[in-house]
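Please read the structure below before turning to the comments.
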Amino acid sequence: MLVTVTLASFTLFISSVSAGKRGLAWPWYNGSLNPAKLNDGSGTTVAIYDWETYAPPTSTGKNGGLGFIGMQATKDSSSSPVAQLAARQAAQGWATVFSLNEPDINGITPSDAATWYKKWINPLNIKKALPAVTNSAASGQGLDWLQKMINACGSTCYADYINLHWYGTSFADFKAHVTQAHNQFSEFKIVISEFALQKPAGGQSAQIAFYKQAFAWLDAQDYVQLYFPFVATSPALMQQNDPGAVSTVGTGSCLYNNDGSISAVGQLML
């Protein structure tokens with residue numbers, strides 16, 4: 001896979017996303033929350049994305065001083081029309097774009113993804129992430145799907161990062177998966193745009209223990225560019241708007257409390 005980055009886009013990325021690695025995965029229903037509460041100015045939390053190409057909905061109408069990363073999460077949608085991708089990037093000035101969200105389990109073949117990527121993502125003269133894949137070990141999913149897409153690209157999909165999602169039961173498994181991805185795709189940096197324990201019995205306490213280990217380890221890996229714990233919302237908002245996430249992950253990993261203050265997990269971001 002060809003990796004090309006212009007000096008201008010590299011400079012823009014550094015200026016807007018700084019040297020920290022932590023970011024906010026910001027759902028569409030977060031209009032009552034303020035991302036600035038998770039940006040204490042230390043440069044630790046530096047980025048925000050919302051699975052869309054429109055600016056994150058917030059209580060202030062602003063990104064909290066964080067670098068926004070647009071995401072074309074589907075091949076096309078009414079909320080993020082792919083035909084407007086380049087125009088929205090130019091208007092909002094993103095330095096990085098994320099592409100398809102979990103295509104490996106959503107019926108998009110590696111070949112179709114490669115064709116789509118070359119048409120819509122390649123032309124953007126900014127940092128680019130290949131589609132975000134799950135940690136499924138099934139044939140044709142996860143890293144296997146990603147490898148097949150890269151093969152289908154034939155060295156003509158321009159990218160800087162692979163994008164991982166991980167849900168599981170232990171830090172050891174998380175570390176092993178990220179390490180495997182790095183070993184398999186060592187020509188790319190890694191972003192991890194969703195990760196959490198899968199509804200642990202210990203609830204928030206278990207998520208805190210996991211994230212303490214994960215954050216420290218990720219910060220020490222020079223091949224990890226950014227990581228986004230799931231998820232920057234409150235338990236009440238998640239329960240009202242994303243019951244699927246509640247059943248899979250639980251609410252213990254939420255970065256906000258129901259009153260809009262920072263949760264115990266959120267405090268780890270600072």
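Order determines the names: the first chain of the structure tokens is A, the second B, and so forth; residues in each chain are numbered 1 upward, and ligands are numbered 1 upward as they are shown.
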If you run DSSP on this backbone, which residues of range 29-70 of chain A come out as helix (DSSP H, G or I), and could you give them as a ChimeraX atom specification?
-> /A:35-38
Please, which residues in range 83-184 of chain A fall within 8 Å of range 197-219 of chain A when counting only C-alpha atoms, and what is the closest atom pair and distance in Å to one decimal for each, ordered by chain then residue number, as a tab-separated table?
residue	atom	partner	partner_atom	distance
A:Tyr167	CA	A:Gln198	CA	5.4
A:Gly168	CA	A:Gln198	CA	5.1
A:Thr169	CA	A:Leu197	CA	5.4
A:Ser170	CA	A:Leu197	CA	6.9
A:Phe171	CA	A:Phe210	CA	5.9
A:Lys175	CA	A:Ala214	CA	7.7
Residue among A:Ala159, A:Pro81, A:Trp94, A:Val133 lying closest to Lys118 in chain A, counting only C-alpha atoms =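 The shortest atom-to-atom distance to Lys118 in chain A comes from A:Ala159.
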Where does range 78-168 of chain A meet range 187-191 of chain A within 6 Å, residue by residue, with the nearest atom pair and distance in Å to one decimal for each, counting only C-alpha atoms, listed by chain and rising number, as a tab-separated table?
residue	atom	partner	partner_atom	distance
A:Asp160	CA	A:Phe188	CA	5.7
A:Tyr161	CA	A:Lys189	CA	4.8
A:Ile162	CA	A:Ile190	CA	5.1
A:Asn163	CA	A:Val191	CA	4.9
Have a look at A:Leu66, A:Ala196, A:Ala47, A:Ala36 and name the one nearest to Leu226 in chain A; count only C-alpha atoms.
->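 Using only C-alpha atoms, Leu226 in chain A sits closest to A:Ala47.
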CA of Ala113 in chain A and CA of Asn101 in chain A, how far apart in Å?
-> 11.0 Å
Distance query Ala181 in chain A at most 9 Å, only C-alpha atoms, self and fewer than 3 positions along chain excluded, as a ChimeraX atom specification | /A:143,162,164,176-178,184-186,190
Out of A:Ala132, A:Ile150, A:Leu38, A:Leu270, which residue has the shortest atom-to-atom distance to Asn106 in chain A when counting only C-alpha atoms?
->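 Nearest to Asn106 in chain A: A:Ala132.
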